[in-house]
Amino acid sequence: MTEPKRFILVGLGGWGAYWLRQVLPRLCSAGLTAPAACVDIDPGTFPDACRLPGLSEQMCYTDAEKAFRENPADFAIIVVPPRWHERYVDLALEHGLDILCEKPIADTMEGCARVFRKVSSAGRKMMVTMSHRFDQDKQTLERAIRSGRYGELDYLIGRNTWMCRAYGTWGAFRYEMPDPLLIEGTVHHFDIMRSLAGSNARTVYASTWNPCWSEFKGDAQALVTVVMENGVRVFYEGAKNNASSLNGWTSDYWRAECRDGTLVLDRRRLTAVTGTVGVDSVTTEIPLERQEVWMNPWLAEMFVGWLNGGPEPPCTLEDNIQCCALMFAAVKSAHTGQAVDVQEFLRESLEAAG
Ligand SMILES: NC(=O)c1ccc[n+]([C@@H]2O[C@H](COP(=O)([O-])OP(=O)(O)OC[C@H]3O[C@@H](n4cnc5c(N)ncnc54)[C@H](O)[C@@H]3O)[C@@H](O)[C@H]2O)c1
């Protein structure tokens with residue numbers, strides 16, 4: 001029996017509360033992990049955090065340096081807004097910790113490239129939690145495409161649209177930051193595109209904007225075209241200012257046009273369609289795959305397995321830098337009006353980071 005891996009959790013409110021309620025209790029009760037300390041600038045988050053067995057008020061800090069200095073640990077879990085990720089990656093590396101970080105790696109491509117260089121040269125393990133790609137419905141669609149039953153994949157259509165136009169309904173910091181939809185929302189969908197297509201991106205063209213009724217400072221509507229390195233084309237619609245949440249979180253729309261079948265995922269219902277609808281079409285319902293947990297509980301379990309000498313999980317830093325390159329290349333495209341070569345953009349960013 002291996003010793004539980006001790007973690008320092010940074011960020012206890014917002015999504016951090018989800019970690020405390022839905023992810024960590026399962027790992028801790030299985031004896032895979034144990035809390036060493038936790039950190040938040042808001043001490044009002046401490047009482048709720050202390051409902052996690054093994055965590056007490058004395059282990060909660062507002063001073064991150066002190067928390068890391070006073071509590072030996074194996075890894076850090078970073079669940080604060082993206083502009084703070086690099087700071088806590090630095091602190092974790094300073095104390096020789098591996099890292100499990102919420103998406104995205106950092107809030108700029110320069111930051112992502114610096115984190116990539118620093119973690120690689122320190123020889124530490126880092127994984128990024130791309131929750132939604134690992135949800136049951138997207139995994140079922142991915143496996144259906146990979147099964148080969150519907151022939152070669154030609155192109156993908158994705159739609160994720162919400163009614164979050166009123167300030168704060170999607171977390172206040174997202175109404176203040178630049179490019180909130182692409183950086184905080186579409187980042188998941190860029191990763192889903194990569195996994196469904198089975199390829200990294202070659203080029204991206206993005207058009208982003210805000211309608212006059214938006215309360216976002218940065219653009220929160222987007223139409224994006226991606227050409228993957230294997231030739232698969234993707235067209236994506238994302239919006240936070242709509243009148244309805246037609247396809248919100250966990251209710252995505254994805255359509256995979258394959259040679260021998262059209263796979264439609266819409267609000268957790270997956271169907272395969274052939275023939276002409278209304279004439280001779282055949283629609284087959286594909287049941288969603290089953291396993292004990294999906295999303296972050298599954299990702300966190302894979303990460304701890306990796307620390308214990310198990311297989312390398314998906315979404316390692318090395319894999320995820322491709323997702324961030326696609327996302328920040330889309331940001332660049334939106335700001336310049338030009339299509340961007342994603343692989344060249346990544347190469348240049350990594351070179352600039354030394
Ligand atoms: N995987 C997903 O589906 C998903 C969903 C939501 C959020 N996230 C990610 O989780 C991270 C946190 O987002 P959130 O919505 O919880 O943000 P949030 O604004 O709700 O903040 C989370 C907590 O971090 C604390 N905090 C803020 N700055 C801090 C700092 N410098 N040091 C220590 N604590 C700090 C806040 O007090 C708060 O308790 C982001 O990276 C976000 O992208 C991921």
# chains A, B, ... in the order shown; residues from 1 in each chain; ligands from 1

call {"tool": "residues_around", "arguments": {"residues": "range 224-226 of chain A", "least_positions_apart": "5", "cutoff": "6 Å", "atoms": "only C-alpha atoms", "output": "list in words"}}
result
Thr203, Val204, Tyr205, Ala206, Arg233, Val234, Phe235 and Tyr236 of chain A

call {"tool": "residues_around", "arguments": {"residues": "Ala76 in chain A", "least_positions_apart": "3", "cutoff": "12 Å", "atoms": "only C-alpha atoms", "output": "ChimeraX atom specification"}}
result
/A:5-11,33-39,64,67-68,71-73,79-80,85,88-102,124-128,300,303-304

call {"tool": "write_last_selection", "arguments": {"atoms": "C-alpha atoms", "output": "compact mmCIF listing (two decimals), in the first residue's frame"}}
result
# COMPACT_ATOMS: atom_id res chain seq x y z
CA LYS A 5 0.12 11.81 -1.54
CA ARG A 6 -0.05 15.06 0.46
CA PHE A 7 -1.39 18.12 -1.34
CA ILE A 8 -1.61 21.86 -0.82
CA LEU A 9 -4.85 23.19 -2.33
CA VAL A 10 -4.65 26.82 -3.51
CA GLY A 11 -8.06 28.44 -4.11
CA THR A 33 -4.31 11.59 -0.99
CA ALA A 34 -4.26 13.59 2.24
CA PRO A 35 -4.39 17.37 2.78
CA ALA A 36 -1.17 19.07 3.95
CA ALA A 37 -2.50 22.65 3.85
CA CYS A 38 -4.74 24.98 1.91
CA VAL A 39 -4.50 28.60 0.82
CA ALA A 64 0.91 31.08 0.54
CA ALA A 67 1.80 27.46 3.84
CA PHE A 68 4.34 25.94 1.44
CA ASN A 71 3.94 21.98 5.27
CA PRO A 72 5.88 19.31 3.41
CA ALA A 73 3.76 18.00 0.53
CA VAL A 79 -7.61 26.52 -8.48
CA VAL A 80 -7.25 30.33 -8.57
CA HIS A 85 -1.37 30.27 -11.93
CA TYR A 88 1.78 29.27 -7.65
CA VAL A 89 3.58 27.07 -10.18
CA ASP A 90 6.76 28.94 -9.18
CA LEU A 91 6.05 28.38 -5.50
CA ALA A 92 5.34 24.67 -6.02
CA LEU A 93 8.59 24.25 -7.99
CA GLU A 94 10.54 26.13 -5.32
CA HIS A 95 9.40 23.47 -2.84
CA GLY A 96 9.92 20.51 -5.19
CA LEU A 97 6.21 19.74 -5.66
CA ASP A 98 4.42 18.24 -8.66
CA ILE A 99 1.43 20.23 -9.95
CA LEU A 100 -2.20 19.63 -10.78
CA CYS A 101 -3.51 22.90 -12.23
CA GLU A 102 -6.86 24.15 -13.40
CA ARG A 124 8.44 17.93 -12.19
CA LYS A 125 5.14 16.40 -13.27
CA MET A 126 2.31 18.75 -14.22
CA MET A 127 -1.20 18.02 -15.46
CA VAL A 128 -3.97 20.45 -16.44
CA ALA A 300 -7.32 13.66 -10.38
CA PHE A 303 -2.79 12.18 -11.86
CA VAL A 304 -2.24 10.48 -8.49

call {"tool": "atom_distance", "arguments": {"atom1": "atom 12 (C, counted along the ligand's line) of ligand 1", "atom2": "CA of Leu141 in chain A"}}
result
27.5 Å

call {"tool": "residues_near_ligand", "arguments": {"ligand": "ligand 1", "cutoff": "8 Å", "atoms": "only C-alpha atoms and all ligand atoms", "output": "NGL selection string"}}
result
:A and (10-17 or 39-42 or 45 or 62 or 64 or 78-82 or 84-85 or 101-104 or 129-132 or 171-173 or 184 or 188 or 296)

call {"tool": "write_last_selection", "arguments": {"atoms": "C-alpha atoms", "output": "PDB file, in the first residue's frame"}}
result
ATOM      1  CA  VAL A  10      -4.653  26.821  -3.507  1.00  0.00           C
ATOM      2  CA  GLY A  11      -8.064  28.438  -4.107  1.00  0.00           C
ATOM      3  CA  LEU A  12     -10.998  27.319  -1.968  1.00  0.00           C
ATOM      4  CA  GLY A  13     -13.940  29.406  -3.216  1.00  0.00           C
ATOM      5  CA  GLY A  14     -15.653  29.158  -6.624  1.00  0.00           C
ATOM      6  CA  TRP A  15     -14.356  26.058  -8.419  1.00  0.00           C
ATOM      7  CA  GLY A  16     -12.106  25.257  -5.441  1.00  0.00           C
ATOM      8  CA  ALA A  17     -15.291  24.512  -3.466  1.00  0.00           C
ATOM      9  CA  VAL A  39      -4.497  28.604   0.816  1.00  0.00           C
ATOM     10  CA  ASP A  40      -6.918  31.377  -0.102  1.00  0.00           C
ATOM     11  CA  ILE A  41      -6.681  35.160   0.150  1.00  0.00           C
ATOM     12  CA  ASP A  42     -10.230  35.077   1.551  1.00  0.00           C
ATOM     13  CA  THR A  45     -13.563  30.211   2.645  1.00  0.00           C
ATOM     14  CA  THR A  62      -3.845  33.391   3.602  1.00  0.00           C
ATOM     15  CA  ALA A  64       0.912  31.080   0.536  1.00  0.00           C
ATOM     16  CA  ILE A  78      -3.994  25.291  -8.247  1.00  0.00           C
ATOM     17  CA  VAL A  79      -7.609  26.521  -8.475  1.00  0.00           C
ATOM     18  CA  VAL A  80      -7.254  30.327  -8.571  1.00  0.00           C
ATOM     19  CA  PRO A  81      -7.978  32.647 -11.528  1.00  0.00           C
ATOM     20  CA  PRO A  82      -5.552  32.127 -14.442  1.00  0.00           C
ATOM     21  CA  TRP A  84      -2.237  33.759 -10.607  1.00  0.00           C
ATOM     22  CA  HIS A  85      -1.372  30.271 -11.929  1.00  0.00           C
ATOM     23  CA  CYS A 101      -3.508  22.897 -12.234  1.00  0.00           C
ATOM     24  CA  GLU A 102      -6.864  24.152 -13.399  1.00  0.00           C
ATOM     25  CA  LYS A 103      -7.047  25.317 -16.979  1.00  0.00           C
ATOM     26  CA  PRO A 104      -5.576  27.268 -18.690  1.00  0.00           C
ATOM     27  CA  THR A 129      -7.600  19.570 -15.666  1.00  0.00           C
ATOM     28  CA  MET A 130      -9.494  19.878 -18.962  1.00  0.00           C
ATOM     29  CA  SER A 131     -12.695  18.711 -17.284  1.00  0.00           C
ATOM     30  CA  HIS A 132     -15.220  18.790 -20.103  1.00  0.00           C
ATOM     31  CA  GLY A 171     -17.908  34.711 -12.112  1.00  0.00           C
ATOM     32  CA  ALA A 172     -17.011  38.413 -11.772  1.00  0.00           C
ATOM     33  CA  PHE A 173     -13.356  38.133 -12.907  1.00  0.00           C
ATOM     34  CA  GLU A 184     -12.147  30.719 -19.882  1.00  0.00           C
ATOM     35  CA  HIS A 188     -12.288  23.407 -23.113  1.00  0.00           C
ATOM     36  CA  ASN A 296     -12.117  16.079 -12.492  1.00  0.00           C
TER      37      ASN A 296
END

call {"tool": "atom_distance", "arguments": {"atom1": "CA of Arg347 in chain A", "atom2": "CA of Lys118 in chain A"}}
result
16.1 Å

call {"tool": "select_by_dssp", "arguments": {"residues": "range 75-234 of chain A", "states": "strand (DSSP E or B)", "output": "PyMOL selection string"}}
result
chain A and resi 75-78+98-102+126-129+153-161+163+201-209+221-228+233-234

call {"tool": "atom_distance", "arguments": {"atom1": "CA of Asp48 in chain A", "atom2": "CA of Gly31 in chain A"}}
result
21.4 Å

call {"tool": "closest_residue", "arguments": {"among": "A:Leu156, A:Val115, A:Ala334, A:Cys323", "to": "Leu223 in chain A", "atoms": "only C-alpha atoms"}}
result
A:Ala334

call {"tool": "residues_around", "arguments": {"residues": "Phe190 in chain A", "least_positions_apart": "3", "cutoff": "12 Å", "atoms": "only C-alpha atoms", "output": "ChimeraX atom specification"}}
result
/A:103-104,130,132-133,156-160,181-187,193-201,204,224-228,234-238,320-330

call {"tool": "write_last_selection", "arguments": {"atoms": "C-alpha atoms", "output": "PDB file, in the first residue's frame"}}
result
ATOM      1  CA  LYS A 103      -7.047  25.317 -16.979  1.00  0.00           C
ATOM      2  CA  PRO A 104      -5.576  27.268 -18.690  1.00  0.00           C
ATOM      3  CA  MET A 130      -9.494  19.878 -18.962  1.00  0.00           C
ATOM      4  CA  HIS A 132     -15.220  18.790 -20.103  1.00  0.00           C
ATOM      5  CA  ARG A 133     -13.296  16.704 -22.621  1.00  0.00           C
ATOM      6  CA  LEU A 156     -16.734  18.771 -36.883  1.00  0.00           C
ATOM      7  CA  ILE A 157     -19.294  21.384 -35.895  1.00  0.00           C
ATOM      8  CA  GLY A 158     -19.449  22.553 -32.264  1.00  0.00           C
ATOM      9  CA  ARG A 159     -21.846  24.860 -30.420  1.00  0.00           C
ATOM     10  CA  ASN A 160     -21.653  26.118 -26.810  1.00  0.00           C
ATOM     11  CA  LEU A 181     -14.959  33.411 -23.849  1.00  0.00           C
ATOM     12  CA  LEU A 182     -11.865  32.050 -25.619  1.00  0.00           C
ATOM     13  CA  ILE A 183      -9.637  31.898 -22.500  1.00  0.00           C
ATOM     14  CA  GLU A 184     -12.147  30.719 -19.882  1.00  0.00           C
ATOM     15  CA  GLY A 185     -14.726  28.912 -22.017  1.00  0.00           C
ATOM     16  CA  THR A 186     -13.564  27.839 -25.469  1.00  0.00           C
ATOM     17  CA  VAL A 187     -10.278  26.535 -24.038  1.00  0.00           C
ATOM     18  CA  MET A 193     -11.747  19.487 -30.932  1.00  0.00           C
ATOM     19  CA  ARG A 194      -8.227  18.100 -30.587  1.00  0.00           C
ATOM     20  CA  SER A 195      -9.460  14.914 -28.986  1.00  0.00           C
ATOM     21  CA  LEU A 196     -12.390  14.337 -31.390  1.00  0.00           C
ATOM     22  CA  ALA A 197     -10.213  15.049 -34.429  1.00  0.00           C
ATOM     23  CA  GLY A 198      -7.310  13.049 -33.001  1.00  0.00           C
ATOM     24  CA  SER A 199      -4.897  15.799 -34.029  1.00  0.00           C
ATOM     25  CA  ASN A 200      -3.283  19.071 -33.068  1.00  0.00           C
ATOM     26  CA  ALA A 201      -4.250  22.243 -34.907  1.00  0.00           C
ATOM     27  CA  VAL A 204      -7.064  28.948 -36.703  1.00  0.00           C
ATOM     28  CA  VAL A 224     -13.984  30.061 -35.072  1.00  0.00           C
ATOM     29  CA  THR A 225     -12.625  27.937 -37.926  1.00  0.00           C
ATOM     30  CA  VAL A 226      -9.808  25.469 -37.274  1.00  0.00           C
ATOM     31  CA  VAL A 227      -7.918  23.234 -39.695  1.00  0.00           C
ATOM     32  CA  MET A 228      -6.291  20.344 -37.865  1.00  0.00           C
ATOM     33  CA  VAL A 234     -13.796  22.378 -37.416  1.00  0.00           C
ATOM     34  CA  PHE A 235     -16.363  25.165 -37.234  1.00  0.00           C
ATOM     35  CA  TYR A 236     -17.264  26.378 -33.735  1.00  0.00           C
ATOM     36  CA  GLU A 237     -19.851  28.773 -32.333  1.00  0.00           C
ATOM     37  CA  GLY A 238     -19.453  30.076 -28.773  1.00  0.00           C
ATOM     38  CA  ASN A 320      -1.837  20.801 -22.920  1.00  0.00           C
ATOM     39  CA  ILE A 321       0.610  23.347 -24.316  1.00  0.00           C
ATOM     40  CA  GLN A 322      -0.921  22.426 -27.723  1.00  0.00           C
ATOM     41  CA  CYS A 323      -4.378  23.334 -26.422  1.00  0.00           C
ATOM     42  CA  CYS A 324      -3.123  26.667 -25.060  1.00  0.00           C
ATOM     43  CA  ALA A 325      -1.273  27.375 -28.323  1.00  0.00           C
ATOM     44  CA  LEU A 326      -4.520  26.842 -30.264  1.00  0.00           C
ATOM     45  CA  MET A 327      -6.442  29.023 -27.812  1.00  0.00           C
ATOM     46  CA  PHE A 328      -3.970  31.928 -27.770  1.00  0.00           C
ATOM     47  CA  ALA A 329      -3.483  31.662 -31.542  1.00  0.00           C
ATOM     48  CA  ALA A 330      -7.280  32.127 -31.768  1.00  0.00           C
TER      49      ALA A 330
END

call {"tool": "residues_around", "arguments": {"residues": "Trp294 in chain A", "least_positions_apart": "4", "cutoff": "9 Å", "atoms": "only C-alpha atoms", "output": "number ranges by chain"}}
result
A: 131-132, 134-136, 298-299

call {"tool": "closest_residue", "arguments": {"among": "A:Arg149, A:Glu176, A:Gln139, A:Thr262", "to": "Pro287 in chain A", "atoms": "only C-alpha atoms"}}
result
A:Gln139

call {"tool": "select_by_dssp", "arguments": {"residues": "range 233-342 of chain A", "states": "helix (DSSP H, G or I)", "output": "count of residues only"}}
result
34

call {"tool": "residues_around", "arguments": {"residues": "Ser251 in chain A", "least_positions_apart": "3", "cutoff": "7 Å", "atoms": "only C-alpha atoms", "output": "PyMOL selection string"}}
result
chain A and resi 247-248+266-268

call {"tool": "write_last_selection", "arguments": {"atoms": "N, CA and C atoms", "output": "compact mmCIF listing (two decimals), in the first residue's frame"}}
result
# COMPACT_ATOMS: atom_id res chain seq x y z
N ASN A 247 -26.92 25.49 -25.49
CA ASN A 247 -25.98 24.37 -25.26
C ASN A 247 -24.92 24.84 -24.28
N GLY A 248 -25.25 24.83 -22.99
CA GLY A 248 -24.32 25.30 -21.95
C GLY A 248 -23.38 24.19 -21.49
N ASP A 266 -26.17 16.11 -28.79
CA ASP A 266 -26.92 17.32 -28.45
C ASP A 266 -27.53 17.13 -27.07
N ARG A 267 -27.06 17.91 -26.12
CA ARG A 267 -27.56 17.84 -24.73
C ARG A 267 -27.58 16.41 -24.22
N ARG A 268 -26.45 15.77 -24.34
CA ARG A 268 -26.16 14.45 -23.76
C ARG A 268 -26.89 13.30 -24.45
